[in-house]
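The file entry-v9.cif contains mmCIF, C-alpha atoms and all ligand atoms:
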data_upload
loop_
_atom_site.label_atom_id
_atom_site.label_comp_id
_atom_site.auth_asym_id
_atom_site.auth_seq_id
_atom_site.Cartn_x
_atom_site.Cartn_y
_atom_site.Cartn_z
CA MET A 25 0.00 0.00 0.00
CA ASN A 26 1.53 3.33 -0.95
CA GLN A 27 0.40 6.71 0.29
CA THR A 28 -2.08 7.33 -2.55
CA GLN A 29 -3.76 3.98 -1.85
CA THR A 30 -4.18 4.82 1.81
CA ILE A 31 -7.25 6.42 3.32
CA PHE A 32 -6.69 8.42 6.49
CA LEU A 33 -9.69 8.09 8.79
CA GLN A 34 -8.22 10.76 11.01
CA GLU A 35 -8.49 13.36 8.22
CA MET A 36 -12.14 12.47 7.77
CA SER A 37 -13.27 12.58 11.36
CA LYS A 38 -11.47 15.81 12.28
CA LEU A 39 -11.29 14.53 15.86
CA LYS A 40 -8.26 16.32 17.18
CA THR A 41 -7.77 15.46 20.83
CA LYS A 42 -7.06 12.02 22.23
CA GLN A 43 -10.10 12.36 24.46
CA ALA A 44 -12.33 13.05 21.43
CA GLN A 45 -10.81 10.09 19.58
CA TRP A 46 -11.42 7.80 22.55
CA GLU A 47 -15.04 9.00 22.82
CA PRO A 48 -16.04 9.80 19.21
CA PHE A 49 -19.69 9.24 20.05
CA ALA A 50 -20.77 12.91 19.97
CA TRP A 51 -19.28 13.20 16.48
CA TYR A 52 -21.04 9.99 15.41
CA LYS A 53 -24.33 11.46 16.63
CA GLU A 54 -23.73 14.72 14.81
CA MET A 55 -23.00 12.82 11.59
CA ARG A 56 -26.03 10.54 11.97
CA GLU A 57 -28.27 13.56 12.50
CA ASN A 58 -26.78 16.08 10.07
CA SER A 59 -24.70 14.28 7.43
CA PRO A 60 -25.57 10.58 7.50
CA VAL A 61 -24.12 10.12 4.00
CA PHE A 62 -21.08 12.33 3.90
CA TYR A 63 -18.69 12.85 0.98
CA ASP A 64 -15.11 13.69 1.85
CA ALA A 65 -13.87 15.49 -1.25
CA GLY A 66 -10.29 15.65 0.00
CA GLN A 67 -9.97 11.88 -0.19
CA ASN A 68 -12.83 11.09 -2.59
CA VAL A 69 -14.47 8.84 0.01
CA TRP A 70 -18.11 8.42 1.03
CA ASN A 71 -18.96 7.80 4.68
CA VAL A 72 -22.15 6.26 6.04
CA PHE A 73 -23.23 6.34 9.68
CA LEU A 74 -26.81 4.98 9.94
CA TYR A 75 -27.42 1.36 10.90
CA ASP A 76 -29.32 0.36 7.75
CA ASP A 77 -26.81 2.04 5.43
CA VAL A 78 -23.80 0.52 7.17
CA LYS A 79 -25.38 -2.92 7.01
CA ARG A 80 -26.24 -2.48 3.33
CA VAL A 81 -22.59 -1.68 2.54
CA LEU A 82 -21.43 -4.81 4.35
CA VAL A 83 -24.02 -7.21 3.02
CA ASP A 84 -24.42 -6.12 -0.60
CA HIS A 85 -21.13 -7.28 -2.11
CA ARG A 86 -22.37 -6.77 -5.69
CA LEU A 87 -22.67 -3.05 -5.09
CA PHE A 88 -19.94 -2.67 -2.45
CA SER A 89 -16.96 -4.81 -3.25
CA ASN A 90 -14.04 -5.86 -1.12
CA LYS A 91 -11.73 -5.70 -4.15
CA LYS A 92 -10.47 -2.29 -3.11
CA GLU A 93 -7.83 -0.16 -4.78
CA ARG A 94 -7.65 2.02 -1.68
CA SER A 95 -8.24 1.22 1.99
CA PHE A 96 -7.57 2.42 5.52
CA ILE A 97 -6.58 -1.09 6.61
CA PRO A 98 -3.09 -0.52 7.98
CA VAL A 99 -1.73 -4.05 7.49
CA PRO A 100 0.56 -4.20 4.42
CA ARG A 101 -1.40 -5.62 1.56
CA ASP A 102 -0.72 -8.86 -0.23
CA ASP A 103 -3.09 -9.86 -3.03
CA ASN A 104 -2.19 -13.52 -3.15
CA ARG A 105 -4.89 -16.10 -3.87
CA THR A 106 -5.36 -16.85 -0.17
CA ASN A 107 -6.13 -13.28 0.88
CA ILE A 108 -9.54 -13.60 2.51
CA ASN A 109 -10.24 -9.89 2.90
CA PHE A 110 -9.64 -8.26 -0.48
CA CYS A 111 -12.02 -10.50 -2.45
CA ASP A 112 -15.73 -11.15 -3.04
CA PRO A 113 -17.93 -14.21 -3.43
CA PRO A 114 -17.66 -16.66 -5.11
CA GLU A 115 -13.86 -16.93 -4.75
CA HIS A 116 -14.13 -15.58 -1.22
CA ARG A 117 -16.20 -18.61 -0.24
CA THR A 118 -13.41 -21.03 -1.18
CA ARG A 119 -10.75 -19.04 0.66
CA ARG A 120 -12.90 -18.69 3.75
CA GLY A 121 -13.60 -22.43 3.58
CA LEU A 122 -9.89 -23.05 4.24
CA LEU A 123 -10.34 -21.62 7.70
CA ALA A 124 -13.96 -22.30 8.47
CA GLN A 125 -13.19 -25.79 9.72
CA ALA A 126 -10.91 -24.43 12.41
CA PHE A 127 -13.73 -22.29 13.76
CA THR A 128 -16.61 -24.76 14.01
CA PRO A 129 -18.49 -25.00 17.32
CA ARG A 130 -16.84 -28.40 17.77
CA SER A 131 -13.30 -27.01 17.48
CA LEU A 132 -14.27 -24.25 19.89
CA ARG A 133 -15.44 -26.78 22.46
CA GLU A 134 -12.10 -28.56 22.10
CA TRP A 135 -10.20 -25.31 22.68
CA GLU A 136 -12.20 -24.25 25.70
CA PRO A 137 -10.08 -26.09 28.32
CA ARG A 138 -6.88 -24.70 26.78
CA ILE A 139 -8.23 -21.15 26.91
CA GLN A 140 -9.40 -21.71 30.49
CA ALA A 141 -5.93 -22.93 31.49
CA ILE A 142 -4.30 -19.80 29.99
CA ALA A 143 -6.80 -17.52 31.77
CA ASP A 144 -6.29 -19.37 35.09
CA GLU A 145 -2.54 -18.94 34.84
CA LEU A 146 -2.74 -15.21 34.02
CA ILE A 147 -5.24 -14.48 36.77
CA ALA A 148 -3.28 -16.51 39.34
CA GLU A 149 -0.34 -14.15 38.65
CA ILE A 150 -2.33 -11.10 39.73
CA GLU A 151 -3.88 -12.62 42.82
CA GLY A 152 -2.61 -11.05 46.03
CA GLN A 153 -1.88 -7.70 44.36
CA ALA A 154 -3.67 -4.53 45.44
CA THR A 155 -3.59 -2.90 41.99
CA VAL A 156 -3.01 -4.36 38.57
CA ASP A 157 -2.71 -3.12 35.01
CA ILE A 158 -5.44 -5.27 33.53
CA VAL A 159 -4.49 -4.46 29.92
CA GLN A 160 -0.89 -5.58 30.33
CA LYS A 161 -1.66 -8.54 32.60
CA LEU A 162 -4.76 -9.98 30.98
CA ALA A 163 -6.18 -8.22 27.92
CA ILE A 164 -2.90 -8.38 25.96
CA PRO A 165 -1.41 -11.75 26.95
CA LEU A 166 -4.61 -13.82 26.78
CA PRO A 167 -5.51 -13.39 23.07
CA VAL A 168 -1.92 -13.54 21.84
CA THR A 169 -1.22 -16.73 23.80
CA VAL A 170 -4.46 -18.33 22.65
CA ILE A 171 -3.94 -17.58 18.97
CA ALA A 172 -0.28 -18.65 19.12
CA GLU A 173 -1.26 -21.99 20.66
CA LEU A 174 -4.08 -22.57 18.21
CA LEU A 175 -1.78 -21.93 15.28
CA GLY A 176 0.94 -24.06 16.79
CA VAL A 177 3.48 -21.25 17.29
CA PRO A 178 5.42 -21.32 20.60
CA SER A 179 3.52 -19.12 23.04
CA ARG A 180 6.78 -18.27 24.84
CA ASP A 181 7.37 -16.00 21.81
CA ARG A 182 4.20 -14.04 22.48
CA GLU A 183 6.00 -10.78 23.16
CA LEU A 184 7.70 -10.94 19.78
CA ILE A 185 4.42 -11.78 18.07
CA LYS A 186 2.62 -8.99 19.87
CA ALA A 187 5.31 -6.47 18.95
CA TRP A 188 5.10 -7.39 15.24
CA SER A 189 1.32 -7.29 15.13
CA ASP A 190 1.28 -3.94 16.96
CA ILE A 191 3.42 -2.47 14.19
CA LEU A 192 1.40 -4.10 11.41
CA PHE A 193 -1.86 -2.73 12.84
CA TYR A 194 -0.53 0.71 13.73
CA PRO A 195 -2.64 3.23 11.75
CA TYR A 196 -0.97 5.40 9.12
CA SER A 197 -1.00 9.17 9.39
CA LYS A 198 -0.16 11.61 6.62
CA GLU A 199 2.72 13.13 8.57
CA THR A 200 4.55 9.89 9.36
CA PHE A 201 3.56 7.71 6.41
CA GLY A 202 7.07 6.94 5.11
CA ASP A 203 8.55 5.97 8.47
CA VAL A 204 5.57 3.86 9.45
CA ALA A 205 5.53 2.06 6.08
CA GLU A 206 9.21 1.23 6.51
CA GLN A 207 8.64 -0.15 10.01
CA LYS A 208 5.76 -2.26 8.74
CA ALA A 209 7.84 -3.71 5.90
CA GLN A 210 10.57 -4.61 8.38
CA ALA A 211 8.11 -6.17 10.85
CA LEU A 212 6.51 -8.19 8.06
CA LYS A 213 9.89 -9.51 6.97
CA GLU A 214 10.93 -10.48 10.49
CA PHE A 215 7.57 -12.07 11.21
CA SER A 216 7.71 -14.08 7.95
CA ASP A 217 11.31 -15.18 8.59
CA TYR A 218 10.21 -16.35 12.03
CA LEU A 219 7.23 -18.34 10.71
CA TYR A 220 8.84 -19.98 7.66
CA PRO A 221 10.79 -22.68 9.51
CA ILE A 222 7.75 -23.39 11.69
CA VAL A 223 5.59 -23.93 8.61
CA GLN A 224 8.24 -26.12 6.95
CA GLU A 225 8.56 -28.24 10.07
CA LYS A 226 4.79 -28.69 10.37
CA ARG A 227 4.53 -29.71 6.73
CA LYS A 228 6.96 -32.54 7.51
CA HIS A 229 5.52 -33.41 10.94
CA PRO A 230 1.93 -32.21 11.17
CA ALA A 231 0.44 -31.69 14.62
CA ASP A 232 -2.99 -30.75 15.92
CA ASP A 233 -2.99 -27.05 15.04
CA ILE A 234 -4.16 -24.59 12.39
CA ILE A 235 -0.78 -24.22 10.62
CA SER A 236 -0.58 -28.01 10.16
CA ASP A 237 -4.14 -28.01 8.79
CA LEU A 238 -3.24 -25.24 6.35
CA THR A 239 -0.17 -27.11 5.07
CA ARG A 240 -2.50 -30.00 4.15
CA ALA A 241 -5.33 -27.86 2.75
CA THR A 242 -5.88 -27.47 -0.98
CA LEU A 243 -7.11 -24.48 -2.93
CA GLU A 244 -8.08 -24.78 -6.61
CA GLY A 245 -6.76 -28.33 -6.50
CA GLU A 246 -3.28 -27.33 -5.30
CA GLN A 247 -1.68 -27.33 -1.87
CA LEU A 248 -0.89 -23.98 -0.34
CA THR A 249 2.74 -22.92 -0.67
CA ASP A 250 4.85 -22.20 2.43
CA ALA A 251 4.64 -18.48 1.61
CA GLU A 252 0.86 -18.64 1.48
CA VAL A 253 0.62 -20.46 4.81
CA VAL A 254 2.96 -17.86 6.34
CA ARG A 255 0.79 -14.96 5.12
CA PHE A 256 -2.40 -16.67 6.27
CA SER A 257 -0.89 -17.21 9.71
CA ILE A 258 0.22 -13.59 10.00
CA GLY A 259 -3.30 -12.53 9.07
CA LEU A 260 -4.80 -14.73 11.77
CA LEU A 261 -2.28 -13.76 14.42
CA GLY A 262 -3.15 -10.14 13.73
CA ALA A 263 -6.92 -10.53 13.36
CA GLY A 264 -7.25 -12.50 16.55
CA ASN A 265 -5.05 -10.31 18.62
CA GLU A 266 -5.49 -6.55 18.73
CA THR A 267 -9.27 -6.70 18.46
CA THR A 268 -9.77 -9.19 21.29
CA THR A 269 -7.36 -7.22 23.47
CA MET A 270 -9.48 -4.16 22.81
CA LEU A 271 -12.63 -6.05 23.76
CA ILE A 272 -11.28 -7.32 27.09
CA SER A 273 -9.80 -3.90 27.94
CA ASN A 274 -13.05 -2.13 27.10
CA ILE A 275 -15.09 -4.57 29.20
CA PHE A 276 -13.08 -3.54 32.26
CA TYR A 277 -13.27 0.14 31.33
CA SER A 278 -17.06 -0.07 30.92
CA MET A 279 -17.50 -1.82 34.26
CA LEU A 280 -15.54 0.97 35.95
CA PHE A 281 -16.77 4.04 34.12
CA ASP A 282 -19.79 3.36 31.91
CA GLN A 283 -21.79 1.61 34.59
CA PRO A 284 -20.12 1.55 38.00
CA GLY A 285 -21.79 -1.13 40.11
CA ILE A 286 -22.32 -3.55 37.25
CA TYR A 287 -19.38 -5.66 38.49
CA ARG A 288 -21.29 -6.77 41.59
CA GLU A 289 -24.41 -7.47 39.54
CA ILE A 290 -22.41 -9.73 37.22
CA ARG A 291 -20.68 -11.40 40.15
CA ALA A 292 -24.04 -12.25 41.69
CA ASP A 293 -25.29 -13.72 38.42
CA LEU A 294 -22.65 -15.03 36.03
CA SER A 295 -25.26 -15.75 33.37
CA LEU A 296 -25.13 -11.98 32.69
CA VAL A 297 -21.54 -12.16 31.41
CA PRO A 298 -22.49 -12.75 27.72
CA LYS A 299 -24.94 -9.82 27.86
CA LEU A 300 -22.27 -7.54 29.23
CA ILE A 301 -19.86 -8.61 26.48
CA GLU A 302 -22.42 -7.90 23.73
CA GLU A 303 -23.24 -4.50 25.19
CA VAL A 304 -19.56 -3.52 25.31
CA LEU A 305 -19.19 -4.65 21.68
CA ARG A 306 -22.15 -2.43 20.79
CA TYR A 307 -21.50 0.54 23.03
CA ARG A 308 -17.74 0.95 23.14
CA PHE A 309 -16.13 -0.32 19.97
CA PRO A 310 -15.44 2.58 17.62
CA VAL A 311 -14.45 0.85 14.40
CA ALA A 312 -15.20 1.16 10.70
CA ILE A 313 -15.01 -1.05 7.59
CA ASP A 314 -14.39 -0.01 3.97
CA ARG A 315 -15.61 -1.18 0.57
CA GLN A 316 -15.30 0.00 -3.05
CA VAL A 317 -18.36 1.03 -5.09
CA ALA A 318 -18.66 -1.67 -7.79
CA GLN A 319 -21.12 0.21 -10.04
CA ASP A 320 -22.60 3.71 -10.11
CA THR A 321 -25.50 3.87 -7.65
CA THR A 322 -27.92 6.25 -5.95
CA VAL A 323 -28.94 3.85 -3.15
CA PHE A 324 -28.16 6.39 -0.47
CA GLY A 325 -29.76 9.30 -2.34
CA HIS A 326 -26.40 10.56 -3.63
CA ASN A 327 -24.43 9.75 -6.76
CA LEU A 328 -21.85 7.20 -5.71
CA LYS A 329 -19.48 6.46 -8.58
CA LYS A 330 -17.86 3.17 -9.47
CA GLY A 331 -14.37 3.01 -7.94
CA GLN A 332 -15.08 5.38 -5.04
CA ILE A 333 -14.57 4.07 -1.51
CA VAL A 334 -17.29 3.93 1.12
CA VAL A 335 -16.40 3.84 4.81
CA ALA A 336 -19.12 2.18 6.90
CA TRP A 337 -18.83 3.52 10.46
CA THR A 338 -19.99 0.50 12.46
CA GLY A 339 -19.34 2.23 15.78
CA ALA A 340 -21.83 4.96 14.75
CA ALA A 341 -24.38 2.41 13.47
CA ASN A 342 -24.26 0.69 16.84
CA ARG A 343 -25.68 3.81 18.48
CA ASP A 344 -28.40 4.48 15.92
CA GLU A 345 -31.62 5.25 17.86
CA SER A 346 -33.76 3.80 15.09
CA LYS A 347 -32.25 0.41 15.83
CA PHE A 348 -31.42 0.56 19.55
CA ASP A 349 -33.74 2.33 22.01
CA HIS A 350 -31.84 4.82 24.21
CA ALA A 351 -28.78 3.88 22.20
CA GLU A 352 -26.48 6.22 24.13
CA ASN A 353 -27.22 4.38 27.39
CA PHE A 354 -25.10 1.45 28.51
CA ASP A 355 -27.64 -1.28 29.25
CA ILE A 356 -26.68 -4.94 29.35
CA HIS A 357 -30.36 -5.91 29.51
CA ARG A 358 -31.37 -4.41 26.18
CA PRO A 359 -33.01 -7.19 24.18
CA ASN A 360 -31.15 -6.73 20.88
CA ASN A 361 -27.63 -5.69 21.87
CA GLN A 362 -26.20 -8.64 19.90
CA HIS A 363 -27.39 -6.97 16.68
CA HIS A 364 -24.38 -4.66 16.78
CA LEU A 365 -22.19 -4.58 13.66
CA THR A 366 -18.83 -4.76 15.43
CA PHE A 367 -18.05 -8.14 13.85
CA GLY A 368 -19.25 -6.86 10.46
CA ALA A 369 -22.09 -8.54 8.53
CA GLY A 370 -22.62 -10.41 5.27
CA PRO A 371 -20.03 -12.63 3.59
CA HIS A 372 -17.06 -11.30 5.55
CA LEU A 373 -18.69 -11.53 8.99
CA CYS A 374 -15.86 -12.11 11.45
CA LEU A 375 -14.89 -15.75 11.43
CA GLY A 376 -13.29 -15.45 14.84
CA ALA A 377 -16.31 -13.90 16.59
CA PRO A 378 -17.22 -17.08 18.51
CA LEU A 379 -13.60 -17.40 19.62
CA ALA A 380 -13.39 -13.74 20.70
CA ARG A 381 -16.64 -14.11 22.64
CA MET A 382 -15.40 -17.28 24.30
CA GLU A 383 -12.08 -15.67 25.30
CA ALA A 384 -13.84 -12.65 26.78
CA ASN A 385 -16.32 -14.87 28.58
CA ILE A 386 -13.68 -17.11 30.11
CA ALA A 387 -11.47 -14.14 31.05
CA LEU A 388 -14.26 -12.26 32.77
CA THR A 389 -15.89 -15.22 34.48
CA THR A 390 -12.56 -16.44 35.85
CA PHE A 391 -11.67 -12.95 37.05
CA VAL A 392 -15.02 -12.22 38.68
CA LYS A 393 -14.92 -15.43 40.70
CA ARG A 394 -11.62 -14.37 42.28
CA PHE A 395 -12.23 -10.70 43.14
CA ALA A 396 -15.11 -9.19 45.13
CA ASP A 397 -14.98 -5.83 43.34
CA ILE A 398 -12.81 -3.51 41.27
CA TYR A 399 -12.24 0.26 41.45
CA PRO A 400 -10.40 2.83 39.31
CA ALA A 401 -6.82 3.54 40.39
CA GLU A 402 -6.32 6.81 42.31
CA GLY A 403 -6.02 9.82 40.00
CA PHE A 404 -6.80 7.82 36.87
CA ASN A 405 -6.89 9.99 33.75
CA VAL A 406 -7.77 8.04 30.63
CA VAL A 407 -5.82 10.27 28.24
CA GLU A 408 -2.56 9.14 29.84
CA HIS A 409 -3.43 5.51 29.07
CA LEU A 410 -4.28 5.67 25.38
CA THR A 411 -2.22 4.44 22.45
CA ASP A 412 -0.68 6.96 20.07
CA SER A 413 -2.95 5.88 17.26
CA ALA A 414 -5.69 8.14 15.99
CA VAL A 415 -9.22 7.00 15.20
CA GLY A 416 -10.17 3.86 17.10
CA GLN A 417 -8.13 4.81 20.13
CA SER A 418 -7.45 1.95 22.47
CA LEU A 419 -6.11 1.54 25.98
CA LYS A 420 -2.46 0.63 26.37
CA SER A 421 -2.88 0.34 30.13
CA LEU A 422 -5.69 0.36 32.69
CA PRO A 423 -4.65 0.28 36.33
CA ILE A 424 -7.41 -0.99 38.63
CA ARG A 425 -7.67 -1.60 42.37
CA LEU A 426 -8.71 -5.08 43.40
CA GLU A 427 -10.82 -6.18 46.36
CA LYS A 428 -10.17 -9.77 47.41
CA ALA A 429 -13.05 -12.20 47.34
C1 LIG A 501 -13.45 -8.53 19.44
C2 LIG A 501 -12.71 -9.16 18.58
C3 LIG A 501 -12.86 -9.05 17.08
C4 LIG A 501 -13.45 -8.07 16.32
C5 LIG A 501 -14.12 -6.78 16.79
C6 LIG A 501 -13.33 -8.48 14.93
C7 LIG A 501 -13.83 -7.76 13.86
C8 LIG A 501 -13.87 -8.23 12.57
C9 LIG A 501 -14.55 -7.57 11.47
C10 LIG A 501 -15.31 -6.25 11.57
C11 LIG A 501 -14.39 -8.33 10.36
C12 LIG A 501 -14.98 -8.06 8.97
C13 LIG A 501 -14.09 -7.22 8.10
C14 LIG A 501 -14.75 -6.87 6.78
O1 LIG A 501 -15.97 -7.02 6.61
O2 LIG A 501 -14.02 -6.41 5.88
C15 LIG A 501 -13.57 -9.47 10.74
C16 LIG A 501 -13.17 -10.45 9.88
C17 LIG A 501 -12.35 -11.51 10.26
N1 LIG A 501 -11.95 -11.82 11.53
FE1 LIG A 501 -12.39 -10.81 13.21
N2 LIG A 501 -12.66 -9.67 14.88
C18 LIG A 501 -12.36 -10.07 16.16
C19 LIG A 501 -11.70 -11.22 16.55
C20 LIG A 501 -11.23 -12.17 15.70
C21 LIG A 501 -10.54 -13.39 16.10
C22 LIG A 501 -10.27 -13.82 17.53
C23 LIG A 501 -10.20 -14.04 14.95
C24 LIG A 501 -9.48 -15.35 14.78
C25 LIG A 501 -8.37 -15.67 15.10
C26 LIG A 501 -10.69 -13.26 13.84
C27 LIG A 501 -10.55 -13.61 12.51
C28 LIG A 501 -11.16 -12.97 11.48
C29 LIG A 501 -11.08 -13.40 10.09
C30 LIG A 501 -10.32 -14.61 9.56
C31 LIG A 501 -11.82 -12.49 9.33
C32 LIG A 501 -12.01 -12.48 7.82
C33 LIG A 501 -13.35 -13.03 7.44
C34 LIG A 501 -13.66 -12.87 5.97
O3 LIG A 501 -13.18 -11.92 5.34
O4 LIG A 501 -14.40 -13.72 5.47
N3 LIG A 501 -11.31 -12.14 14.32
N4 LIG A 501 -13.29 -9.39 12.09
#

Give the structure from the file, written as structure tokens.
Amino acid sequence: MNQTQTIFLQEMSKLKTKQAQWEPFAWYKEMRENSPVFYDAGQNVWNVFLYDDVKRVLVDHRLFSNKKERSFIPVPRDDNRTNINFCDPPEHRTRRGLLAQAFTPRSLREWEPRIQAIADELIAEIEGQATVDIVQKLAIPLPVTVIAELLGVPSRDRELIKAWSDILFYPYSKETFGDVAEQKAQALKEFSDYLYPIVQEKRKHPADDIISDLTRATLEGEQLTDAEVVRFSIGLLGAGNETTTMLISNIFYSMLFDQPGIYREIRADLSLVPKLIEEVLRYRFPVAIDRQVAQDTTVFGHNLKKGQIVVAWTGAANRDESKFDHAENFDIHRPNNQHHLTFGAGPHLCLGAPLARMEANIALTTFVKRFADIYPAEGFNVVEHLTDSAVGQSLKSLPIRLEKA
């Protein structure tokens, strides 16, 4: 991806301060009410903010294609025949099929005890402490360890893996494009060099993991090459990592700040855990997804031209009052909170959603059983705990005080 192929979300949103980027919800509301279909002339990009419009962009692949010449996706692009993102049905179906088997409910049930063991170990390490940085101690290590184990990559290397995927997912900005692109190219090379021998070894001696499955899989009648398995694995290590970290971090943030007191309610009734997770996914997950207009259309009452990009602001759709009553309220009991679009919709609906939900569920349930309550650390100021990235700010740390059970 060079600079002209890159879309800068930051330029579009005009959200300047870190605080505004962390809480873009007032801007989402303004856009939904005043400019629900907004054309950014500077970048020649359409933006949609209403629930029905966002969903239409995601579901209607004939009109809104994933074969994009430009994108805001920060991961360096590779248009090989296994790339699952930059393609449409029908070829997308075959590529997705390569992975679908690894994510069946049956495979998930098999993984559950392994995920539980990882969560137990991480939570045992924080027991006995008065305060803990829950991002560093749980939200980061859990997903990276899980995805490394599932792929069959040594989880002792999780810090290396995390460091590479951080760089690959780091958003571009206009000012630093060249430097960031160089760092990404370097990270991609190091990550690939690290994975190659692992893939070669698993081709010779397959084990019970996703990389071994991929070395045996066929696409268009041919086995995947080592290079293709490497790229697939990098994609999965990335996809399953940053996002799930953000979910677990945001769950803790919401329990502390969006609805103080909810922790004790959950603790008294663990069957509420899935509802809390869905509400955090709806309420506090400011993300967006892009597509390319495949043919001229007026579906949104404007002239969208073939080749233009549309950004579907899922985080804004998730607070659309026409879909969710009192959408700006955090309410784990709302009946339809699982209709959020945080995992996308249509053909590209997140394949790892059941895994992400299971990880969050196990992490939270295990935690809640061990601690009577949690409180914000003294003098906590969220701005000091945010990443450097622009739109889609996430927490790099979240210190919390723990009350023993
Ligand atoms: C909270 C956590 C997660 C969030 C918010 C999330 C979000 C998303 C979204 C929005 C898409 C659709 C992108 C598009 O339409 O262009 C997607 C696709 C995908 N996700 Fe996730 N994801 C999460 C966790 C995971 C995990 C744990 C994995 C697995 C390791 C995973 C693997 C994938 C894959 C393989 C795709 C591509 C599906 C396709 O294009 O057919 N994700 N994810």

(request) Tell me, in Å to one decimal, how far atom C27 of ligand LIG 501 (chain A) is from CA of Gln67 in chain A. (result) 28.5 Å

(message) Just want the 8 Å neighbourhood of range 254-269 of chain A, counted on only C-alpha atoms, with same-chain residues fewer than 5 positions away dropped. Output as a PyMOL selection string.
(response) chain A and resi 106-107+159+163-164+166-168+171-172+175+185-186+189-190+192-193+215-216+219-220+223+235+376+380+383-384

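For the residues A:Pro178, A:Pro113, A:Pro137, A:Pro195, ranking by smallest atom-to-atom distance to Phe32 in chain A using only C-alpha atoms places A:Pro195 first.
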
Hey, could you make a per-residue contact list for range 86-195 of chain A against range 315-337 of chain A with 9 Å as the cut-off, showing the nearest pair of atoms and its distance in Å to one decimal, counting only C-alpha atoms, sorted by chain and number, as JSON lines?
{"residue": "A:Arg86", "atom": "CA", "partner": "A:Ala318", "partner_atom": "CA", "distance": 6.6}
{"residue": "A:Leu87", "atom": "CA", "partner": "A:Ala318", "partner_atom": "CA", "distance": 5.0}
{"residue": "A:Phe88", "atom": "CA", "partner": "A:Val317", "partner_atom": "CA", "distance": 4.8}
{"residue": "A:Ser89", "atom": "CA", "partner": "A:Gln316", "partner_atom": "CA", "distance": 5.1}
{"residue": "A:Asn90", "atom": "CA", "partner": "A:Arg315", "partner_atom": "CA", "distance": 5.2}
{"residue": "A:Lys91", "atom": "CA", "partner": "A:Gln316", "partner_atom": "CA", "distance": 6.8}
{"residue": "A:Lys92", "atom": "CA", "partner": "A:Gln316", "partner_atom": "CA", "distance": 5.3}
{"residue": "A:Glu93", "atom": "CA", "partner": "A:Gln316", "partner_atom": "CA", "distance": 7.7}
{"residue": "A:Arg94", "atom": "CA", "partner": "A:Ile333", "partner_atom": "CA", "distance": 7.2}
{"residue": "A:Ser95", "atom": "CA", "partner": "A:Ile333", "partner_atom": "CA", "distance": 7.8}
{"residue": "A:Phe96", "atom": "CA", "partner": "A:Val335", "partner_atom": "CA", "distance": 9.0}

Next, dump the selected residues to file, keeping only C-alpha atoms, as a PDB file, keeping the file's coordinate frame.
ATOM      1  CA  ARG A  86     -22.370  -6.770  -5.690  1.00  0.00           C
ATOM      2  CA  LEU A  87     -22.670  -3.050  -5.090  1.00  0.00           C
ATOM      3  CA  PHE A  88     -19.940  -2.670  -2.450  1.00  0.00           C
ATOM      4  CA  SER A  89     -16.960  -4.810  -3.250  1.00  0.00           C
ATOM      5  CA  ASN A  90     -14.040  -5.860  -1.120  1.00  0.00           C
ATOM      6  CA  LYS A  91     -11.730  -5.700  -4.150  1.00  0.00           C
ATOM      7  CA  LYS A  92     -10.470  -2.290  -3.110  1.00  0.00           C
ATOM      8  CA  GLU A  93      -7.830  -0.160  -4.780  1.00  0.00           C
ATOM      9  CA  ARG A  94      -7.650   2.020  -1.680  1.00  0.00           C
ATOM     10  CA  SER A  95      -8.240   1.220   1.990  1.00  0.00           C
ATOM     11  CA  PHE A  96      -7.570   2.420   5.520  1.00  0.00           C
TER      12      PHE A  96
END

Around the point (4.9, -2.5, 1.8) (coordinates from the file), which residues reach within 8 Å if we count all atoms listed in the file? Answer as a compact mmCIF listing (two decimals) with C-alpha atoms, keeping the file's coordinate frame.
# COMPACT_ATOMS: atom_id res chain seq x y z
CA MET A 25 0.00 0.00 0.00
CA ASN A 26 1.53 3.33 -0.95
CA PRO A 100 0.56 -4.20 4.42
CA ARG A 101 -1.40 -5.62 1.56
CA ALA A 205 5.53 2.06 6.08
CA GLU A 206 9.21 1.23 6.51
CA LYS A 208 5.76 -2.26 8.74
CA ALA A 209 7.84 -3.71 5.90

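Using all atoms listed in the file, the smallest distance between any of A:Leu174, A:Ser197, A:Val253, A:Pro98 and Met36 in chain A comes from A:Ser197.
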
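Closest to Asp237 in chain A among A:Val78, A:Leu123, A:His85, A:Ser131 is A:Leu123, based on all atoms listed in the file.
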
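Checking A:Asn109, A:Asn405, A:Thr249, A:Thr338 one by one against ligand LIG 501 (chain A), counting only C-alpha atoms and all ligand atoms, you find the shortest gap at A:Asn109.
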
Padding 8 Å on every side, please: axis-aligned box over the listed atoms of ligand LIG 501 (chain A), centre and edge lengths to one decimal in Å, as AutoDock Vina command-line options.
--center_x -12.2 --center_y -11.0 --center_z 12.4 --size_x 23.6 --size_y 25.4 --size_z 30.1
